[in-house]
$ cat run-v8.cif   # mmCIF, C-alpha atoms
data_entry
loop_
_atom_site.label_atom_id
_atom_site.label_comp_id
_atom_site.auth_asym_id
_atom_site.auth_seq_id
_atom_site.Cartn_x
_atom_site.Cartn_y
_atom_site.Cartn_z
CA MET A 1 -33.37 -25.91 -17.42
CA SER A 2 -33.76 -27.33 -13.89
CA ILE A 3 -36.58 -26.40 -11.53
CA ARG A 4 -33.99 -24.86 -9.18
CA ALA A 5 -32.62 -22.65 -11.95
CA LEU A 6 -36.13 -21.54 -12.95
CA LEU A 7 -36.95 -20.64 -9.37
CA ALA A 8 -33.69 -18.76 -9.02
CA LEU A 9 -34.35 -16.85 -12.23
CA SER A 10 -37.82 -15.92 -11.00
CA VAL A 11 -36.24 -14.48 -7.86
CA VAL A 12 -34.01 -12.29 -10.02
CA PHE A 13 -36.93 -10.95 -12.05
CA ILE A 14 -39.05 -10.36 -8.96
CA MET A 15 -36.15 -8.42 -7.48
CA LEU A 16 -35.90 -6.34 -10.63
CA ALA A 17 -39.63 -5.72 -10.72
CA THR A 18 -39.72 -4.49 -7.15
CA THR A 19 -36.60 -2.34 -7.32
CA GLY A 20 -36.91 -0.94 -10.83
CA TRP A 21 -35.13 -1.72 -14.07
CA THR A 22 -32.77 1.22 -13.73
CA ALA A 23 -30.85 2.31 -10.70
CA LEU A 24 -31.46 5.83 -9.54
CA ARG A 25 -28.56 8.11 -10.28
CA PRO A 26 -28.19 10.91 -7.76
CA GLY A 27 -27.38 14.02 -9.76
CA GLY A 28 -25.17 16.92 -8.90
CA ALA A 29 -25.43 20.54 -9.94
CA GLY A 30 -23.43 20.79 -13.14
CA ASP A 31 -20.40 18.74 -14.08
CA PRO A 32 -17.23 20.40 -12.78
CA ARG A 33 -14.95 17.61 -13.97
CA ALA A 34 -16.25 17.87 -17.56
CA ALA A 35 -15.50 21.58 -17.51
CA ALA A 36 -12.02 20.92 -16.10
CA LEU A 37 -11.34 18.28 -18.77
CA SER A 38 -12.32 20.67 -21.54
CA SER A 39 -10.00 23.34 -20.16
CA TRP A 40 -7.14 20.82 -19.73
CA ARG A 41 -7.43 19.58 -23.31
CA HIS A 42 -7.01 23.13 -24.58
CA GLY A 43 -4.27 24.01 -22.10
CA THR A 44 -0.50 24.17 -22.37
CA ILE A 45 2.52 24.44 -20.09
CA ALA A 46 5.74 26.04 -21.31
CA SER A 47 4.26 25.98 -24.83
CA HIS A 48 3.77 22.20 -24.65
CA LYS A 49 0.35 20.56 -25.04
CA LEU A 50 -0.93 18.74 -21.98
CA PRO A 51 -1.20 14.94 -22.24
CA ASP A 52 -4.46 13.09 -22.73
CA PRO A 53 -5.83 12.37 -19.20
CA ASP A 54 -6.56 8.81 -20.35
CA SER A 55 -2.91 8.18 -21.20
CA GLY A 56 -1.21 5.31 -19.38
CA ALA A 57 0.53 5.85 -16.06
CA ARG A 58 3.99 5.71 -17.64
CA THR A 59 3.14 8.45 -20.13
CA ILE A 60 1.77 10.66 -17.37
CA ALA A 61 4.81 9.97 -15.17
CA ARG A 62 7.20 10.92 -17.98
CA PHE A 63 5.28 14.13 -18.61
CA PHE A 64 5.50 15.27 -14.99
CA ALA A 65 9.17 14.24 -14.79
CA SER A 66 9.86 16.63 -17.68
CA LEU A 67 8.44 19.62 -15.78
CA THR A 68 10.06 21.91 -13.25
CA GLY A 69 8.75 22.00 -9.71
CA GLY A 70 7.10 25.33 -10.38
CA GLN A 71 5.37 24.01 -13.49
CA ARG A 72 4.01 20.99 -11.61
CA LEU A 73 2.56 23.23 -8.91
CA ALA A 74 1.09 25.56 -11.52
CA LEU A 75 -0.79 22.69 -13.16
CA THR A 76 -1.93 21.42 -9.76
CA GLU A 77 -3.38 24.81 -8.85
CA ARG A 78 -4.92 25.38 -12.27
CA TYR A 79 -6.42 21.90 -12.79
CA PRO A 80 -6.92 20.23 -9.38
CA LEU A 81 -9.76 17.98 -10.58
CA ILE A 82 -7.52 16.63 -13.33
CA VAL A 83 -4.13 16.34 -11.64
CA GLY A 84 -5.70 14.72 -8.58
CA ASN A 85 -7.03 11.86 -10.72
CA LEU A 86 -4.05 11.24 -13.00
CA ASN A 87 -2.56 7.78 -12.51
CA GLY A 88 1.18 8.30 -12.86
CA ALA A 89 1.28 11.82 -11.43
CA PRO A 90 3.44 12.22 -8.29
CA LEU A 91 1.51 11.22 -5.19
CA THR A 92 2.25 14.45 -3.33
CA LEU A 93 0.77 16.44 -6.21
CA ARG A 94 -2.33 14.25 -6.32
CA TYR A 95 -2.92 14.67 -2.59
CA ARG A 96 -2.43 18.43 -2.90
CA ALA A 97 -4.67 18.71 -5.95
CA ASN A 98 -7.49 16.72 -4.39
CA HIS A 99 -7.33 18.81 -1.22
CA ALA A 100 -7.81 21.92 -3.36
CA ALA A 101 -10.61 20.30 -5.40
CA ILE A 102 -12.44 19.23 -2.25
CA GLU A 103 -12.15 22.74 -0.82
CA GLN A 104 -13.70 24.13 -4.01
CA ALA A 105 -16.48 21.54 -3.90
CA ARG A 106 -17.21 22.34 -0.25
CA THR A 107 -17.50 26.05 -1.01
CA ALA A 108 -19.94 25.33 -3.84
CA GLU A 109 -22.08 22.93 -1.79
CA THR A 110 -22.16 25.28 1.19
CA ALA A 111 -23.49 28.01 -1.08
CA ARG A 112 -26.12 25.66 -2.50
CA SER A 113 -27.21 24.59 0.97
CA HIS A 114 -28.29 28.20 1.65
CA SER A 115 -29.67 29.01 -1.80
CA ASP A 116 -33.38 29.55 -2.40
CA GLN A 117 -32.81 28.29 -5.95
CA PHE A 118 -32.92 24.72 -4.60
CA THR A 119 -35.67 22.69 -2.99
CA VAL A 120 -35.51 21.80 0.68
CA ALA A 121 -34.35 18.32 -0.29
CA GLY A 122 -31.70 19.82 -2.55
CA ARG A 123 -30.41 22.07 0.21
CA ILE A 124 -30.27 19.16 2.64
CA ASP A 125 -28.32 17.08 0.13
CA ALA A 126 -25.90 19.97 -0.44
CA ALA A 127 -25.37 20.36 3.30
CA ARG A 128 -24.62 16.64 3.62
CA ARG A 129 -22.07 16.84 0.83
CA ALA A 130 -20.45 19.90 2.40
CA ALA A 131 -20.16 17.99 5.68
CA ARG A 132 -18.55 15.02 3.89
CA TYR A 133 -16.03 17.35 2.24
CA THR A 134 -15.21 18.90 5.62
CA SER A 135 -14.43 15.41 6.90
CA LEU A 136 -12.23 14.61 3.88
CA LEU A 137 -10.28 17.83 4.52
CA SER A 138 -9.66 17.08 8.19
CA GLY A 139 -6.27 16.10 9.53
CA HIS A 140 -3.67 14.88 7.05
CA ARG A 141 -5.85 12.65 4.91
CA GLN A 142 -4.30 11.38 1.68
CA ILE A 143 -7.02 11.55 -0.96
CA LEU A 144 -5.79 9.68 -4.03
CA SER A 145 -8.73 10.51 -6.30
CA PHE A 146 -11.81 12.71 -6.12
CA ASP A 147 -14.67 13.45 -8.48
CA PRO A 148 -17.83 15.17 -7.16
CA THR A 149 -19.84 14.50 -10.32
CA GLY A 150 -23.15 12.72 -9.76
CA SER A 151 -23.02 10.51 -6.68
CA GLY A 152 -19.25 11.01 -6.61
CA ARG A 153 -16.09 8.90 -6.54
CA VAL A 154 -13.19 8.97 -4.10
CA ALA A 155 -10.17 6.94 -2.98
CA GLU A 156 -7.96 7.36 0.08
CA VAL A 157 -4.54 6.04 1.06
CA PHE A 158 -3.57 4.86 4.53
CA GLY A 159 0.17 4.61 5.06
CA ASP A 160 3.09 5.59 2.85
CA LEU A 161 2.09 4.31 -0.58
CA LYS A 162 5.35 5.32 -2.25
CA ALA A 163 7.53 3.34 0.18
CA ALA A 164 5.18 0.42 0.83
CA LYS A 165 6.37 -3.11 0.16
CA ARG A 166 2.87 -4.52 0.42
CA VAL A 167 -0.22 -2.66 -0.84
CA SER A 168 -3.82 -3.68 -0.26
CA VAL A 169 -6.74 -2.31 -2.26
CA VAL A 170 -10.24 -2.53 -0.76
CA VAL A 171 -12.92 -2.64 -3.49
CA PRO A 172 -16.45 -2.05 -2.10
CA GLY A 173 -19.86 -2.94 -3.50
CA VAL A 174 -23.29 -1.42 -4.11
CA ASP A 175 -24.41 1.94 -2.77
CA THR A 176 -20.87 3.23 -2.35
CA ASN A 177 -20.44 6.92 -3.13
CA LEU A 178 -19.10 10.12 -1.57
CA LEU A 179 -21.75 10.17 1.14
CA THR A 180 -21.29 6.51 2.10
CA PHE A 181 -17.48 6.49 1.81
CA GLU A 182 -17.25 6.62 5.61
CA ARG A 183 -19.75 6.09 8.41
CA ALA A 184 -20.02 7.19 12.02
CA THR A 185 -22.15 4.16 12.94
CA LYS A 186 -20.99 0.71 11.87
CA PRO A 187 -17.80 2.26 10.46
CA TYR A 188 -16.37 -1.07 9.27
CA ALA A 189 -19.20 -1.39 6.76
CA ALA A 190 -17.83 1.57 4.75
CA PRO A 191 -14.62 1.74 2.66
CA VAL A 192 -12.75 4.04 5.05
CA GLY A 193 -13.51 1.82 8.03
CA MET A 194 -12.59 -1.32 6.08
CA ALA A 195 -9.24 0.12 5.00
CA THR A 196 -8.47 1.58 8.43
CA ALA A 197 -9.20 -1.72 10.15
CA LEU A 198 -6.95 -3.63 7.74
CA TYR A 199 -4.12 -1.10 7.97
CA ASP A 200 -4.21 -1.07 11.77
CA ALA A 201 -4.30 -4.87 11.88
CA GLU A 202 -1.32 -5.12 9.52
CA ARG A 203 0.76 -2.76 11.64
CA ALA A 204 -0.17 -4.63 14.81
CA ALA A 205 0.64 -8.02 13.28
CA ASP A 206 4.02 -7.04 11.78
CA PRO A 207 5.20 -3.47 12.51
CA GLY A 208 8.39 -4.04 10.54
CA VAL A 209 6.64 -4.41 7.18
CA ARG A 210 5.98 -1.21 5.24
CA THR A 211 2.34 -1.40 4.21
CA ALA A 212 -0.31 0.81 2.66
CA VAL A 213 -4.04 0.28 2.18
CA ILE A 214 -6.24 2.04 -0.38
CA ALA A 215 -9.95 2.55 0.23
CA TRP A 216 -10.92 2.51 -3.44
CA ALA A 217 -14.38 3.88 -4.15
CA ASP A 218 -13.24 5.28 -7.50
CA TYR A 219 -15.88 3.62 -9.64
CA THR A 220 -19.61 4.19 -10.07
CA THR A 221 -21.39 1.45 -8.13
CA PRO A 222 -24.93 0.16 -8.55
CA THR A 223 -27.60 1.85 -6.46
CA GLY A 224 -29.66 -0.74 -4.63
CA LEU A 225 -30.46 -4.22 -5.93
CA GLY A 226 -31.79 -3.25 -9.35
CA LEU A 227 -30.68 -4.22 -12.83
CA ASP A 228 -27.23 -2.65 -12.49
CA ALA A 229 -26.46 -4.89 -9.51
CA SER A 230 -27.57 -7.95 -11.48
CA THR A 231 -25.38 -7.37 -14.54
CA GLY A 232 -21.69 -6.82 -15.12
CA ASN A 233 -21.93 -3.47 -16.92
CA MET A 234 -20.76 -1.30 -14.05
CA ALA A 235 -18.19 -3.93 -13.08
CA GLU A 236 -16.69 -3.77 -16.57
CA ARG A 237 -16.31 0.00 -16.43
CA GLY A 238 -14.97 -0.22 -12.90
CA ALA A 239 -12.48 -2.93 -13.88
CA THR A 240 -10.90 -0.58 -16.41
CA ARG A 241 -10.46 2.03 -13.69
CA LEU A 242 -9.07 -0.52 -11.22
CA ASN A 243 -6.47 -1.79 -13.67
CA ALA A 244 -5.46 1.79 -14.44
CA LEU A 245 -4.84 2.33 -10.73
CA LEU A 246 -2.88 -0.91 -10.39
CA SER A 247 -0.63 0.05 -13.29
CA ALA A 248 0.40 3.19 -11.39
CA LEU A 249 1.26 1.53 -8.06
CA PRO A 250 4.92 1.19 -7.00
CA GLN A 251 6.49 -1.60 -9.04
CA HIS A 252 8.40 -2.97 -6.04
CA ALA A 253 5.23 -3.68 -4.02
CA GLU A 254 3.20 -6.85 -3.72
CA VAL A 255 -0.50 -6.03 -4.22
CA SER A 256 -3.55 -7.73 -2.71
CA LEU A 257 -7.16 -7.02 -3.70
CA PHE A 258 -9.96 -7.32 -1.14
CA CYS A 259 -13.28 -7.30 -2.96
CA HIS A 260 -16.62 -7.06 -1.16
CA SER A 261 -20.04 -7.94 -2.60
CA TYR A 262 -20.45 -6.34 -6.07
CA GLY A 263 -16.78 -5.35 -5.78
CA SER A 264 -15.98 -9.06 -6.22
CA VAL A 265 -17.83 -8.98 -9.54
CA LEU A 266 -15.57 -6.12 -10.58
CA CYS A 267 -12.44 -7.97 -9.45
CA GLY A 268 -13.52 -11.03 -11.41
CA VAL A 269 -13.91 -8.96 -14.57
CA ALA A 270 -10.58 -7.21 -13.94
CA ALA A 271 -8.60 -10.39 -13.21
CA PRO A 272 -7.66 -11.45 -16.77
CA ASP A 273 -6.35 -7.98 -17.58
CA LEU A 274 -4.40 -7.24 -14.42
CA PRO A 275 -1.33 -5.21 -15.42
CA GLY A 276 2.02 -6.93 -15.75
CA ARG A 277 2.99 -6.45 -12.14
CA SER A 278 2.77 -8.50 -8.96
CA VAL A 279 -0.85 -8.80 -7.88
CA SER A 280 -0.38 -11.71 -5.54
CA ASP A 281 -3.85 -12.21 -4.10
CA ILE A 282 -7.53 -11.62 -4.87
CA THR A 283 -9.81 -12.13 -1.87
CA VAL A 284 -13.58 -11.99 -2.36
CA PHE A 285 -16.13 -12.02 0.45
CA GLY A 286 -19.89 -11.68 0.55
CA SER A 287 -19.68 -12.38 -3.16
CA PRO A 288 -22.60 -12.84 -5.58
CA GLY A 289 -20.10 -14.33 -8.06
CA MET A 290 -17.15 -13.34 -10.24
CA ARG A 291 -18.84 -13.87 -13.63
CA VAL A 292 -17.09 -17.17 -14.18
CA GLN A 293 -17.88 -20.77 -13.23
CA ARG A 294 -14.39 -21.68 -11.99
CA ALA A 295 -11.46 -19.77 -10.56
CA SER A 296 -9.24 -21.03 -13.37
CA GLN A 297 -11.36 -19.04 -15.84
CA LEU A 298 -10.15 -15.81 -14.23
CA HIS A 299 -6.82 -16.39 -16.04
CA THR A 300 -4.73 -14.85 -13.30
CA SER A 301 -1.60 -15.96 -11.50
CA ALA A 302 -2.92 -14.40 -8.27
CA HIS A 303 -4.10 -16.64 -5.45
CA VAL A 304 -7.90 -16.53 -5.33
CA TRP A 305 -9.41 -16.61 -1.83
CA ALA A 306 -13.10 -16.61 -0.86
CA ALA A 307 -15.00 -16.11 2.38
CA ARG A 308 -18.61 -15.93 3.50
CA ASP A 309 -20.06 -15.83 6.98
CA SER A 310 -23.07 -18.05 7.63
CA SER A 311 -25.16 -15.00 8.57
CA ASP A 312 -24.55 -13.22 5.26
CA TRP A 313 -27.76 -12.84 3.23
CA ILE A 314 -25.78 -13.04 -0.03
CA SER A 315 -26.00 -16.82 0.29
CA ASP A 316 -29.69 -16.53 -0.67
CA VAL A 317 -28.92 -14.76 -3.95
CA PRO A 318 -29.00 -17.12 -6.98
CA HIS A 319 -25.41 -17.93 -7.94
CA LEU A 320 -25.92 -18.36 -11.66
CA GLU A 321 -25.86 -16.39 -14.90
CA ILE A 322 -28.74 -16.44 -17.38
CA ALA A 323 -28.99 -14.06 -20.34
CA GLY A 324 -26.55 -11.67 -18.72
CA LEU A 325 -28.34 -11.61 -15.36
CA GLY A 326 -26.48 -12.92 -12.34
CA HIS A 327 -22.77 -13.34 -11.75
CA GLY A 328 -22.01 -17.03 -12.05
CA ALA A 329 -20.92 -19.68 -9.59
CA ASP A 330 -20.57 -19.24 -5.84
CA PRO A 331 -16.87 -18.61 -5.03
CA VAL A 332 -17.10 -20.48 -1.72
CA ASN A 333 -18.31 -23.70 -3.35
CA ASP A 334 -15.67 -26.42 -3.66
CA SER A 335 -16.32 -26.73 -7.39
CA PHE A 336 -15.29 -23.10 -7.97
CA GLY A 337 -11.71 -23.78 -6.92
CA ALA A 338 -10.95 -20.80 -4.68
CA ARG A 339 -9.08 -21.10 -1.40
CA VAL A 340 -11.99 -20.87 1.06
CA ILE A 341 -11.11 -19.21 4.36
CA SER A 342 -12.96 -18.79 7.64
CA ALA A 343 -15.05 -15.67 8.22
CA ALA A 344 -16.09 -16.54 11.76
CA GLY A 345 -17.50 -13.59 13.67
CA ALA A 346 -18.30 -11.50 10.60
CA SER A 347 -21.92 -10.74 11.45
CA GLY A 348 -24.05 -10.22 8.34
CA HIS A 349 -23.11 -8.93 4.91
CA PRO A 350 -21.07 -5.83 5.89
CA GLY A 351 -19.24 -7.16 8.96
CA TYR A 352 -16.08 -8.76 7.54
CA PHE A 353 -13.64 -6.06 8.72
CA ALA A 354 -14.87 -5.72 12.29
CA PRO A 355 -11.99 -6.06 14.77
CA GLY A 356 -11.87 -9.44 16.47
CA THR A 357 -13.31 -11.35 13.52
CA THR A 358 -11.50 -14.26 11.95
CA SER A 359 -12.18 -12.70 8.56
CA LEU A 360 -10.14 -9.58 9.40
CA ALA A 361 -7.37 -11.72 10.87
CA ASN A 362 -7.26 -13.77 7.68
CA PHE A 363 -7.30 -10.69 5.43
CA THR A 364 -4.38 -9.33 7.44
CA GLN A 365 -2.26 -12.45 7.00
CA ILE A 366 -3.06 -12.61 3.28
CA ALA A 367 -2.10 -8.94 2.89
CA LEU A 368 1.20 -9.61 4.66
CA GLY A 369 1.88 -12.81 2.69
CA ASN A 370 1.81 -14.95 5.85
CA TYR A 371 -0.22 -17.73 4.28
CA ALA A 372 0.62 -20.32 6.92
CA ALA A 373 -1.27 -18.22 9.48
CA VAL A 374 -4.51 -18.16 7.46
CA ALA A 375 -7.43 -20.06 9.02
CA CYS A 376 -9.29 -22.15 6.46
CA GLN A 377 -13.02 -22.68 6.51
CA ASP A 378 -12.45 -26.40 6.98
CA ALA A 379 -10.28 -27.84 9.71
CA ASP A 380 -8.01 -29.67 7.27
CA GLU A 381 -6.26 -26.37 6.32
CA GLY A 382 -6.39 -27.29 2.66
CA CYS A 383 -6.83 -23.67 1.60
CA THR A 384 -3.12 -22.97 2.12
CA SER A 385 -1.78 -26.05 0.36
CA GLY A 386 1.00 -25.38 -2.09
CA LEU A 387 1.81 -21.94 -0.66
CA ALA A 388 5.17 -21.06 0.83
#

$ encode --input "run-v8.cif" --output "structure tokens"
Amino acid sequence: MSIRALLALSVVFIMLATTGWTALRPGGAGDPRAAALSSWRHGTIASHKLPDPDSGARTIARFFASLTGGQRLALTERYPLIVGNLNGAPLTLRYRANHAAIEQARTAETARSHSDQFTVAGRIDAARRAARYTSLLSGHRQILSFDPTGSGRVAEVFGDLKAAKRVSVVVPGVDTNLLTFERATKPYAAPVGMATALYDAERAADPGVRTAVIAWADYTTPTGLGLDASTGNMAERGATRLNALLSALPQHAEVSLFCHSYGSVLCGVAAPDLPGRSVSDITVFGSPGMRVQRASQLHTSAHVWAARDSSDWISDVPHLEIAGLGHGADPVNDSFGARVISAAGASGHPGYFAPGTTSLANFTQIALGNYAAVACQDADEGCTSGLA
């Protein structure tokens, strides 16, 4: 083993020693989704057993197509935490179900925030959650998935997903949960801000194209830079959830994945098993690696793009994998084989979606399929070679 590899490995172990071998898991009061799942599995509609929630999107779609409008609404009202998370269920029902589930969660957290059964810290946490739920309920937000268990999971749609010809999915990295899903300060560092910036940029660049963007925080992410962030365990579980989502997207749409930080690890794990539909592009940025040494090992027909700003601290993370620690080669290195694009103006690790940056402009053109307009990292424009 080279001296460089040994030094890099020592950095990993020092990081683990100073941050702890296990990531802290913020806990919630009870597990409402587990209770809802138990009730669903024992439930019926019109004397018919309800389908397994883990069934594929096609099975779920056929089940809902067999119901009357009244029966669909009855299930939505009875099991909002289940219907709102069923890939294959009609989008309007999912949005309606998640709105109801969030209202229920807000009521519960508001009560906890005033309860003397909780510590001061517990009441503060409950009040913060209640405030987040109030935000998610504002306006006409389209919440595609919602689970308040633990640190929470959520996904939101911008645009008309059902009619979209081009769909982008933003996959965030560590420390993403219900409370960090959106931010008032530095909004473009959070999934909602990322997705909003991309959606607005797409509409400005080509108003005639029907687009939709999904802020997808529907997986449990690592907390901090502990062991979970250094292995692929959470990425593997998240990849299963991502592929389940992709299998339920409109079949007529071209799909692009935009994967930030640990989200790029997830996208790398998911790549070989992408569903048999048109995922045209995988773009990773601020990436610690995709758990492979070369892009060809992802076994995907999608174009693989990579970006990193010079100010991003991720460049100091060891890009290697030893005994399951680390995530493999650096995607922006020439030897990896990705199409390396410019990220000029993207200040630091979370700044890639800030308006005015070359990174956001490039993401927009990739999402729209306008490859000729993409600015490569190098002046020779080799990153777009071979693309129409």

$ resolve_selection --input "run-v8.cif" --expression "the PyMOL selection byres ((chain A and resi 133-144) around 6)" --output "number ranges by chain"
A: 95, 106, 130-132, 145, 155-157

$ residues_around --input "run-v8.cif" --residues "segment 322-334 of chain A" --least-positions-apart "4" --cutoff "9 Å" --atoms "only C-alpha atoms" --output "number ranges by chain"
A: 9, 12, 227, 229-232, 265, 284-285, 287-295, 305-308, 315, 317-318, 338-341

$ resolve_selection --input "run-v8.cif" --expression "the PyMOL selection byres ((chain A and resi 151) around 10)" --output "PyMOL selection string"
chain A and resi 25-28+129+147-150+152-153+175-180+220-221+223

$ closest_residue --input "run-v8.cif" --among "A:Trp313, A:Tyr371, A:Tyr188, A:Tyr219" --to "Arg237 of chain A" --atoms "all atoms listed in the file"
A:Tyr219

$ residues_around --input "run-v8.cif" --residues "Arg123 of chain A" --least-positions-apart "6" --cutoff "8 Å" --atoms "only C-alpha atoms" --output "number ranges by chain"
A: 112-115

$ residues_around --input "run-v8.cif" --residues "Ala35 of chain A" --least-positions-apart "4" --cutoff "12 Å" --atoms "only C-alpha atoms" --output "ChimeraX atom specification"
/A:30-31,39-42,79-82,149

$ closest_residue --input "run-v8.cif" --among "A:Val279, A:Ala97, A:Ile366, A:Ala108" --to "Glu77 of chain A" --atoms "all atoms listed in the file"
A:Ala97

$ resolve_selection --input "run-v8.cif" --expression "the PyMOL selection byres ((chain A and resi 166) around 10)" --output "PyMOL selection string"
chain A and resi 161+163-165+167-168+209-213+250+252-256+280+367-369

$ closest_residue --input "run-v8.cif" --among "A:Ser342, A:Ser301, A:Ser296, A:Ser347" --to "Cys376 of chain A" --atoms "only C-alpha atoms"
A:Ser342

$ atom_distance --input "run-v8.cif" --atom1 "atom CA of Asp52 of chain A" --atom2 "atom CA of Arg33 of chain A"
14.4 Å

$ decode --input "run-v8.cif" --residues "segment 281-302 of chain A" --atoms "N, CA and C atoms" --output "CSV table (one decimal), in the first residue's frame"
chain,number,residue,atom,x,y,z
A,281,ASP,N,-29.5,11.0,-17.9
A,281,ASP,CA,-28.3,11.7,-17.3
A,281,ASP,C,-28.2,11.5,-15.8
A,282,ILE,N,-26.9,11.3,-15.4
A,282,ILE,CA,-26.6,11.3,-13.9
A,282,ILE,C,-25.5,12.3,-13.7
A,283,THR,N,-25.8,13.3,-13.0
A,283,THR,CA,-24.8,14.4,-12.7
A,283,THR,C,-24.5,14.4,-11.3
A,284,VAL,N,-23.2,14.3,-11.0
A,284,VAL,CA,-22.7,14.3,-9.6
A,284,VAL,C,-21.9,15.5,-9.3
A,285,PHE,N,-22.0,16.1,-8.2
A,285,PHE,CA,-21.2,17.3,-7.8
A,285,PHE,C,-20.9,17.3,-6.4
A,286,GLY,N,-19.7,17.8,-6.0
A,286,GLY,CA,-19.3,17.7,-4.6
A,286,GLY,C,-19.2,16.3,-4.2
A,287,SER,N,-18.8,15.4,-5.0
A,287,SER,CA,-18.9,14.0,-4.8
A,287,SER,C,-17.7,13.4,-4.1
A,288,PRO,N,-17.9,12.5,-3.0
A,288,PRO,CA,-16.8,11.8,-2.4
A,288,PRO,C,-16.5,10.5,-3.2
A,289,GLY,N,-17.3,10.2,-4.2
A,289,GLY,CA,-17.1,9.0,-5.0
A,289,GLY,C,-18.4,8.3,-5.3
A,290,MET,N,-18.4,7.4,-6.2
A,290,MET,CA,-19.6,6.6,-6.6
A,290,MET,C,-19.5,5.2,-6.3
A,291,ARG,N,-18.5,4.8,-5.5
A,291,ARG,CA,-18.2,3.4,-5.1
A,291,ARG,C,-17.8,2.5,-6.3
A,292,VAL,N,-17.2,3.1,-7.3
A,292,VAL,CA,-16.6,2.4,-8.4
A,292,VAL,C,-15.3,3.2,-8.8
A,293,GLN,N,-14.5,2.5,-9.5
A,293,GLN,CA,-13.2,3.2,-10.0
A,293,GLN,C,-13.3,3.9,-11.3
A,294,ARG,N,-14.3,3.5,-12.1
A,294,ARG,CA,-14.5,4.0,-13.4
A,294,ARG,C,-16.0,4.2,-13.7
A,295,ALA,N,-16.4,5.1,-14.5
A,295,ALA,CA,-17.8,5.4,-14.9
A,295,ALA,C,-18.4,4.1,-15.6
A,296,SER,N,-17.6,3.4,-16.3
A,296,SER,CA,-18.1,2.3,-17.1
A,296,SER,C,-18.6,1.2,-16.1
A,297,GLN,N,-18.1,1.2,-14.9
A,297,GLN,CA,-18.5,0.2,-13.9
A,297,GLN,C,-19.8,0.4,-13.3
A,298,LEU,N,-20.4,1.6,-13.6
A,298,LEU,CA,-21.8,1.9,-13.2
A,298,LEU,C,-22.8,1.1,-14.0
A,299,HIS,N,-22.4,0.6,-15.2
A,299,HIS,CA,-23.3,-0.2,-16.0
A,299,HIS,C,-24.6,0.4,-16.3
A,300,THR,N,-24.5,1.7,-16.8
A,300,THR,CA,-25.7,2.4,-17.1
A,300,THR,C,-25.6,3.0,-18.5
A,301,SER,N,-26.7,3.2,-19.2
A,301,SER,CA,-26.6,3.8,-20.5
A,301,SER,C,-26.8,5.4,-20.3
A,302,ALA,N,-27.0,5.8,-19.1
A,302,ALA,CA,-27.1,7.3,-18.9
A,302,ALA,C,-25.8,8.0,-19.1
